[in-house]
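What follows is the content of upload.cif (mmCIF, C-alpha atoms).
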```
data_input
#
loop_
_atom_site.label_atom_id
_atom_site.label_comp_id
_atom_site.auth_asym_id
_atom_site.auth_seq_id
_atom_site.Cartn_x
_atom_site.Cartn_y
_atom_site.Cartn_z
CA MET G 25 92.44 137.99 57.93
CA VAL G 26 88.88 138.42 59.21
CA ALA G 27 85.83 138.00 57.03
CA VAL G 28 83.28 140.78 57.23
CA ASN G 29 79.58 140.06 56.97
CA ASN G 30 78.02 142.59 54.61
CA ASN G 31 74.74 140.77 54.20
CA PRO G 32 71.93 143.23 54.95
CA ALA G 33 69.58 140.37 55.87
CA SER G 34 71.48 139.70 59.09
CA THR G 35 70.25 141.19 62.30
CA PRO G 36 71.95 142.46 65.47
CA HIS G 37 70.67 139.33 67.19
CA GLY G 38 72.38 136.94 64.81
CA PRO G 39 72.18 135.58 61.30
CA SER G 40 68.85 134.98 59.62
CA GLU G 41 67.76 131.51 58.54
CA THR G 42 68.89 132.26 54.98
CA GLU G 43 72.42 132.87 56.30
CA ARG G 44 72.59 129.54 58.10
CA VAL G 45 73.83 126.50 56.26
CA ASP G 46 73.89 122.81 57.10
CA ARG G 47 77.44 121.53 57.51
CA SER G 48 76.63 118.79 60.00
CA PRO G 49 77.58 115.14 59.42
CA TYR G 50 74.92 113.33 57.43
CA ALA G 51 74.23 110.93 60.33
CA VAL G 52 73.55 113.84 62.70
CA ARG G 53 71.09 115.40 60.28
CA MET G 54 69.29 112.09 59.80
CA CYS G 55 69.02 111.61 63.57
CA VAL G 56 67.48 115.08 63.90
CA GLU G 57 64.97 114.33 61.14
CA ALA G 58 64.03 110.93 62.58
CA ALA G 59 63.67 112.37 66.10
CA SER G 60 61.46 115.14 64.74
CA GLY G 61 59.21 112.49 63.23
CA LEU G 62 58.98 110.57 66.53
CA ILE G 63 58.14 113.72 68.52
CA SER G 64 55.59 114.96 66.00
CA ALA G 65 53.88 111.57 65.87
CA LEU G 66 53.74 111.38 69.67
CA THR G 67 51.78 114.64 69.84
CA VAL G 68 49.01 113.36 67.57
CA ALA G 69 48.92 109.58 68.11
CA PRO G 70 46.49 109.61 71.09
CA ALA G 71 43.76 111.46 69.21
CA VAL G 72 44.28 109.47 66.02
CA SER G 73 44.19 106.11 67.78
CA ILE G 74 40.90 107.00 69.50
CA VAL G 75 39.27 108.01 66.22
CA ASP G 76 40.67 105.06 64.28
CA ARG G 77 39.37 102.58 66.81
CA ALA G 78 35.93 104.22 66.77
CA ILE G 79 35.73 104.17 62.96
CA VAL G 80 36.65 100.50 62.69
CA SER G 81 34.39 99.48 65.59
CA ASN G 82 31.47 101.39 64.07
CA ALA G 83 31.97 99.92 60.59
CA SER G 84 32.11 96.37 61.98
CA GLY G 85 29.08 96.87 64.22
CA LEU G 86 31.10 96.20 67.37
CA GLN G 87 30.33 99.60 68.93
CA PRO G 88 28.66 102.82 67.68
CA LEU G 89 30.96 105.66 66.64
CA VAL G 90 30.17 108.32 69.26
CA PRO G 91 30.13 106.06 72.36
CA CYS G 92 33.42 104.53 71.23
CA LEU G 93 34.95 108.01 70.88
CA PHE G 94 33.81 108.94 74.38
CA ASP G 95 35.19 105.70 75.80
CA GLY G 96 38.59 106.40 74.21
CA VAL G 97 38.76 109.95 75.56
CA LYS G 98 37.68 108.77 79.02
CA THR G 99 40.43 106.14 79.07
CA LEU G 100 43.06 108.66 77.97
CA VAL G 101 42.06 111.13 80.69
CA THR G 102 41.46 108.73 83.58
CA ARG G 103 44.06 106.02 82.80
CA PRO G 104 46.77 107.67 80.67
CA LEU G 105 49.52 105.13 81.34
CA PHE G 106 47.18 102.26 80.53
CA PHE G 107 46.13 104.08 77.33
CA LEU G 108 49.76 104.59 76.23
CA ARG G 109 50.46 100.87 76.60
CA GLN G 110 47.56 99.84 74.40
CA PRO G 111 48.40 98.23 71.02
CA SER G 112 46.01 100.64 69.28
CA PHE G 113 48.07 103.64 70.45
CA LEU G 114 51.46 102.02 69.81
CA LEU G 115 50.45 100.99 66.28
CA ILE G 116 49.34 104.53 65.41
CA TRP G 117 52.49 106.06 66.89
CA GLY G 118 54.55 103.65 64.81
CA VAL G 119 52.69 104.47 61.60
CA TYR G 120 53.12 108.23 61.91
CA SER G 121 56.63 108.10 63.32
CA GLY G 122 57.67 106.07 60.29
CA THR G 123 55.81 108.30 57.84
CA TYR G 124 57.17 111.59 59.20
CA ALA G 125 60.68 110.18 59.58
CA ALA G 126 60.65 108.94 55.96
CA ALA G 127 59.38 112.28 54.62
CA ASN G 128 61.85 114.26 56.74
CA THR G 129 64.94 112.21 55.87
CA ILE G 130 64.12 112.20 52.15
CA ASP G 131 63.49 115.95 52.22
CA ALA G 132 66.79 116.56 54.04
CA THR G 133 68.73 114.29 51.67
CA CYS G 134 67.32 116.11 48.64
CA GLU G 135 68.07 119.48 50.25
CA ARG G 136 71.72 118.55 50.85
CA SER G 137 72.09 117.20 47.30
CA LYS G 138 70.26 120.22 45.84
CA GLN G 139 67.55 118.07 44.25
CA SER G 140 63.80 118.67 44.17
CA PRO G 141 62.14 116.62 46.94
CA THR G 142 58.65 116.58 45.40
CA VAL G 143 58.65 113.18 43.69
CA PRO G 144 61.08 111.31 46.00
CA LYS G 145 59.27 112.51 49.12
CA PHE G 146 55.86 111.52 47.76
CA VAL G 147 57.04 108.09 46.63
CA GLY G 148 59.04 107.35 49.77
CA SER G 149 56.52 108.63 52.30
CA SER G 150 53.63 106.99 50.43
CA ALA G 151 55.39 103.62 50.34
CA THR G 152 56.18 103.88 54.05
CA ASN G 153 52.74 105.09 55.07
CA VAL G 154 50.85 102.60 52.91
CA THR G 155 52.91 99.65 54.17
CA LEU G 156 52.61 100.62 57.84
CA SER G 157 48.95 101.64 57.53
CA VAL G 158 47.92 98.39 55.86
CA LEU G 159 49.64 96.45 58.64
CA LYS G 160 47.90 98.65 61.18
CA ASP G 161 44.52 98.25 59.44
CA MET G 162 44.91 94.48 59.48
CA SER G 163 45.54 94.60 63.23
CA PHE G 164 42.68 97.02 63.90
CA ALA G 165 40.23 95.02 61.79
CA ARG G 166 41.13 91.88 63.72
CA MET G 167 41.08 93.57 67.12
CA PHE G 168 37.86 95.53 66.61
CA GLY G 169 36.11 93.59 63.87
CA THR G 170 33.28 91.11 64.29
CA GLY G 171 33.59 87.35 64.35
CA ALA G 172 36.78 85.33 64.09
CA PRO G 173 39.82 86.98 62.45
CA LYS G 174 39.74 86.66 58.68
CA VAL G 175 42.27 86.98 55.88
CA MET G 176 42.35 90.51 54.50
CA PRO G 177 41.09 90.31 50.88
CA PRO G 178 43.41 91.77 48.19
CA VAL G 179 40.80 94.35 47.20
CA SER G 180 40.88 95.75 50.75
CA TYR G 181 44.68 96.01 50.59
CA ALA G 182 44.39 97.92 47.31
CA LEU G 183 41.67 100.23 48.61
CA PHE G 184 43.51 101.02 51.83
CA GLY G 185 46.73 101.63 49.90
CA THR G 186 45.02 104.03 47.49
CA ARG G 187 43.31 105.81 50.39
CA ASP G 188 46.61 106.34 52.19
CA SER G 189 48.45 107.48 49.05
CA MET G 190 45.78 110.14 48.53
CA THR G 191 46.22 111.35 52.11
CA VAL G 192 50.02 111.44 51.83
CA LEU G 193 49.76 113.39 48.57
CA ALA G 194 47.50 115.92 50.30
CA SER G 195 49.79 116.08 53.34
CA PHE G 196 53.33 116.35 51.96
CA THR G 197 53.04 117.49 48.34
CA LEU G 198 49.87 119.50 47.69
CA PRO G 199 50.13 121.97 50.64
CA ASP G 200 53.07 123.77 49.02
CA TYR G 201 51.06 124.33 45.85
CA VAL G 202 47.95 125.36 47.78
CA SER G 203 50.00 127.80 49.85
CA LYS G 204 51.52 129.42 46.75
CA SER G 205 48.06 129.69 45.20
CA MET G 206 46.70 131.37 48.33
CA GLN G 207 49.56 133.85 48.37
CA GLY G 208 49.02 134.70 44.72
CA THR G 209 45.22 134.85 44.59
CA VAL G 210 44.19 135.87 48.10
CA GLY G 211 47.32 137.80 49.05
CA THR G 212 47.86 136.11 52.42
CA SER G 213 51.32 135.94 53.96
CA LYS G 214 53.55 132.93 53.40
CA ALA G 215 53.45 131.93 57.07
CA PHE G 216 49.66 132.05 57.20
CA SER G 217 49.28 130.31 53.83
CA ASP G 218 51.69 127.52 54.77
CA THR G 219 49.86 126.80 58.01
CA ALA G 220 46.36 127.05 56.50
CA ALA G 221 47.27 124.82 53.57
CA GLN G 222 48.82 122.21 55.87
CA LEU G 223 45.69 122.14 58.03
CA ILE G 224 43.06 122.22 55.27
CA THR G 225 44.41 120.16 52.37
CA PRO G 226 44.74 116.74 54.09
CA CYS G 227 41.29 117.13 55.64
CA SER G 228 39.64 118.02 52.34
CA MET G 229 41.02 114.87 50.72
CA GLN G 230 39.01 112.72 53.13
CA PHE G 231 35.77 113.51 51.30
CA LEU G 232 37.28 111.72 48.28
CA SER G 233 38.98 108.85 50.10
CA SER G 234 36.33 107.87 52.67
CA PRO G 235 34.30 105.76 50.21
CA LEU G 236 37.44 103.71 49.51
CA HIS G 237 37.96 103.26 53.24
CA LEU G 238 34.38 102.13 53.83
CA TYR G 239 34.35 99.77 50.87
CA GLY G 240 37.62 98.18 52.03
CA LEU G 241 36.25 97.65 55.53
CA ASP G 242 32.97 96.27 54.20
CA ARG G 243 34.77 93.81 51.95
CA TYR G 244 36.69 92.60 55.00
CA ASN G 245 33.67 92.36 57.32
CA ARG G 246 31.29 90.98 54.64
CA PRO G 247 33.49 89.30 52.05
CA THR G 248 30.77 87.36 50.20
CA GLY G 249 27.03 87.18 49.71
CA VAL G 250 26.51 90.95 49.54
CA SER G 251 25.08 92.71 46.50
CA ALA G 252 26.63 95.84 44.97
CA ALA G 253 23.49 97.78 45.89
CA ASP G 254 23.79 96.67 49.51
CA ARG G 255 27.44 97.75 49.64
CA TRP G 256 26.61 101.08 48.03
CA GLY G 257 23.83 101.57 50.58
CA PHE G 258 26.30 100.91 53.39
CA ILE G 259 28.74 103.46 51.96
CA LYS G 260 26.02 106.12 51.56
CA ARG G 261 24.69 105.47 55.05
CA GLU G 262 28.10 105.73 56.72
CA TYR G 263 29.75 108.27 54.37
CA LEU G 264 29.14 111.57 56.14
CA LYS G 265 29.93 110.55 59.69
CA THR G 266 32.92 108.48 58.54
CA SER G 267 34.24 111.41 56.48
CA LEU G 268 33.88 113.73 59.45
CA ALA G 269 35.48 111.17 61.74
CA ARG G 270 38.39 110.73 59.33
CA ILE G 271 38.78 114.51 59.16
CA ALA G 272 38.89 114.53 62.95
CA ARG G 273 41.59 111.87 62.62
CA ILE G 274 43.58 113.46 59.79
CA PHE G 275 43.44 116.99 61.20
CA PRO G 276 45.72 116.11 64.11
CA ALA G 277 47.67 113.43 62.22
CA PHE G 278 48.76 115.42 59.17
CA GLY G 279 47.31 118.88 59.80
CA VAL G 280 48.46 119.75 63.31
CA GLY G 281 51.14 117.08 63.10
CA GLY G 282 52.47 118.59 59.89
CA VAL G 283 52.72 122.03 61.47
CA VAL G 284 54.42 120.58 64.57
CA ASN G 285 56.79 118.57 62.39
CA LYS G 286 57.91 121.65 60.46
CA ARG G 287 58.59 123.59 63.64
CA VAL G 288 60.38 120.75 65.42
CA ARG G 289 62.53 120.18 62.32
CA ALA G 290 63.40 123.86 62.12
CA GLU G 291 64.35 123.97 65.80
CA GLY G 292 66.39 120.78 65.52
CA LYS G 293 68.27 122.00 62.46
CA SER G 294 68.94 125.35 64.12
CA ARG G 295 70.35 123.73 67.26
CA PHE G 296 72.27 120.76 65.89
CA CYS G 297 72.84 121.09 62.16
CA LYS G 298 73.38 124.71 61.17
CA GLN G 299 75.86 127.41 61.95
CA PRO G 300 76.19 130.99 60.77
CA GLU G 301 77.53 131.33 57.23
CA GLN G 302 79.98 134.06 58.26
CA GLN G 303 81.55 131.76 60.88
CA LEU G 304 82.28 129.24 58.16
CA VAL G 305 83.82 131.91 55.95
CA ALA G 306 85.94 133.24 58.80
CA ALA G 307 87.14 129.76 59.63
CA ALA G 308 88.40 129.32 56.10
CA TYR G 309 90.85 132.22 56.41
#
```
For the file at hand, write its structure as structure tokens.
Amino acid sequence: MVAVNNNPASTPHGPSETERVDRSPYAVRMCVEAASGLISALTVAPAVSIVDRAIVSNASGLQPLVPCLFDGVKTLVTRPLFFLRQPSFLLIWGVYSGTYAAANTIDATCERSKQSPTVPKFVGSSATNVTLSVLKDMSFARMFGTGAPKVMPPVSYALFGTRDSMTVLASFTLPDYVSKSMQGTVGTSKAFSDTAAQLITPCSMQFLSSPLHLYGLDRYNRPTGVSAADRWGFIKREYLKTSLARIARIFPAFGVGGVVNKRVRAEGKSRFCKQPEQQLVAAAY
């Protein structure tokens, strides 16, 4: 007995995405999701590491922001292999590989168990990103800070953790809601809304989180003997250029990276994890 596909959504070129189902072993799906995270992170880590180094160097007084950015780009272009071996690049690649892999695997697990991924993905990816980012920030502050390495004060840990949780929220959870709002109020297509929301939402959050970032760095670089007015003056003085620099950092990291991650995941699932629904039905007969 042969099963007949009467689904009008199918095309002469093959089944649509809605007709394809994941029947792969769980380990295969997790490998695809983790590999997607590694690939996505690799595409954005060079730009992010350059910006991160410039922000920390500028805040510590080691090197002004713009010259440090130019130095990073020059090294990437003229000495790419040297650049890719640098701890600053490897740390950033590790942070975003871990974050994307955590979000992807949680999302896939929830999809297979038919559970909403909203809360688990936010909690899991936030915990991963905050942990890895704090470790990275400790290393960056020591590598590009001023004076002898110091112990990171607890308030800086808390500020960096809150900053990163805000960014993860704006990168993995809020874009879906922003996209739906755009489709309903502006009337844009789903594809356009999804891409625009993924690019805009994480960047917009940086205007709220940059003061936390600056305060955390200032508490590390000047732990004592500084008045609240002096710290507030530092934040106001550095706020705009740091916000713009963090947007330049977040745009590739979670904007472009988020779009790349979605497409790499879709391609990976199509190649390794899914097969046409009608083939599964036919096989059952």
Selection in question (the file shown): the PyMOL selection byres ((chain G and resi 92) around 12). Which residues does it include, as a compact mmCIF listing (two decimals) with C-alpha atoms, in the coordinates of the input?
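Output (expr_26.txt):
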```txt
# COMPACT_ATOMS: atom_id res chain seq x y z
CA SER G 73 44.19 106.11 67.78
CA ILE G 74 40.90 107.00 69.50
CA VAL G 75 39.27 108.01 66.22
CA ASP G 76 40.67 105.06 64.28
CA ARG G 77 39.37 102.58 66.81
CA ALA G 78 35.93 104.22 66.77
CA ILE G 79 35.73 104.17 62.96
CA VAL G 80 36.65 100.50 62.69
CA SER G 81 34.39 99.48 65.59
CA ASN G 82 31.47 101.39 64.07
CA ALA G 83 31.97 99.92 60.59
CA GLY G 85 29.08 96.87 64.22
CA LEU G 86 31.10 96.20 67.37
CA GLN G 87 30.33 99.60 68.93
CA PRO G 88 28.66 102.82 67.68
CA LEU G 89 30.96 105.66 66.64
CA VAL G 90 30.17 108.32 69.26
CA PRO G 91 30.13 106.06 72.36
CA LEU G 93 34.95 108.01 70.88
CA PHE G 94 33.81 108.94 74.38
CA ASP G 95 35.19 105.70 75.80
CA GLY G 96 38.59 106.40 74.21
CA VAL G 97 38.76 109.95 75.56
CA LYS G 98 37.68 108.77 79.02
CA THR G 99 40.43 106.14 79.07
CA PHE G 168 37.86 95.53 66.61
CA ALA G 269 35.48 111.17 61.74
```
Step by step, work through what the PyMOL selection byres ((chain G and resi 124) around 9) selects in the shown file, and finish by giving those residues as a count of residues only.
21
From (49.5, 119.8, 48.4), in the file's coordinates, out to 10 Å: which residues are reached, counting all atoms listed in the file? Answer as a PyMOL selection string.
chain G and resi 191-204+221-222+224-226
What would the selection look like, as an mmCIF file with C-alpha atoms, keeping the file's coordinate frame, if the PyMOL selection byres ((chain G and resi 227) around 8) were run on the coordinates I just shared?
```
data_model
loop_
_atom_site.group_PDB
_atom_site.id
_atom_site.type_symbol
_atom_site.label_atom_id
_atom_site.label_comp_id
_atom_site.auth_asym_id
_atom_site.auth_seq_id
_atom_site.Cartn_x
_atom_site.Cartn_y
_atom_site.Cartn_z
ATOM 1 C CA LEU G 223 45.690 122.140 58.030
ATOM 2 C CA ILE G 224 43.060 122.220 55.270
ATOM 3 C CA THR G 225 44.410 120.160 52.370
ATOM 4 C CA PRO G 226 44.740 116.740 54.090
ATOM 5 C CA SER G 228 39.640 118.020 52.340
ATOM 6 C CA MET G 229 41.020 114.870 50.720
ATOM 7 C CA GLN G 230 39.010 112.720 53.130
ATOM 8 C CA PHE G 231 35.770 113.510 51.300
ATOM 9 C CA ARG G 270 38.390 110.730 59.330
ATOM 10 C CA ILE G 271 38.780 114.510 59.160
ATOM 11 C CA ILE G 274 43.580 113.460 59.790
ATOM 12 C CA PHE G 275 43.440 116.990 61.200
ATOM 13 C CA GLY G 279 47.310 118.880 59.800
#
```
Quick one: distance from atom CA of Val154 of chain G to atom CA of Gly240 of chain G in Å, one decimal?
14.0 Å
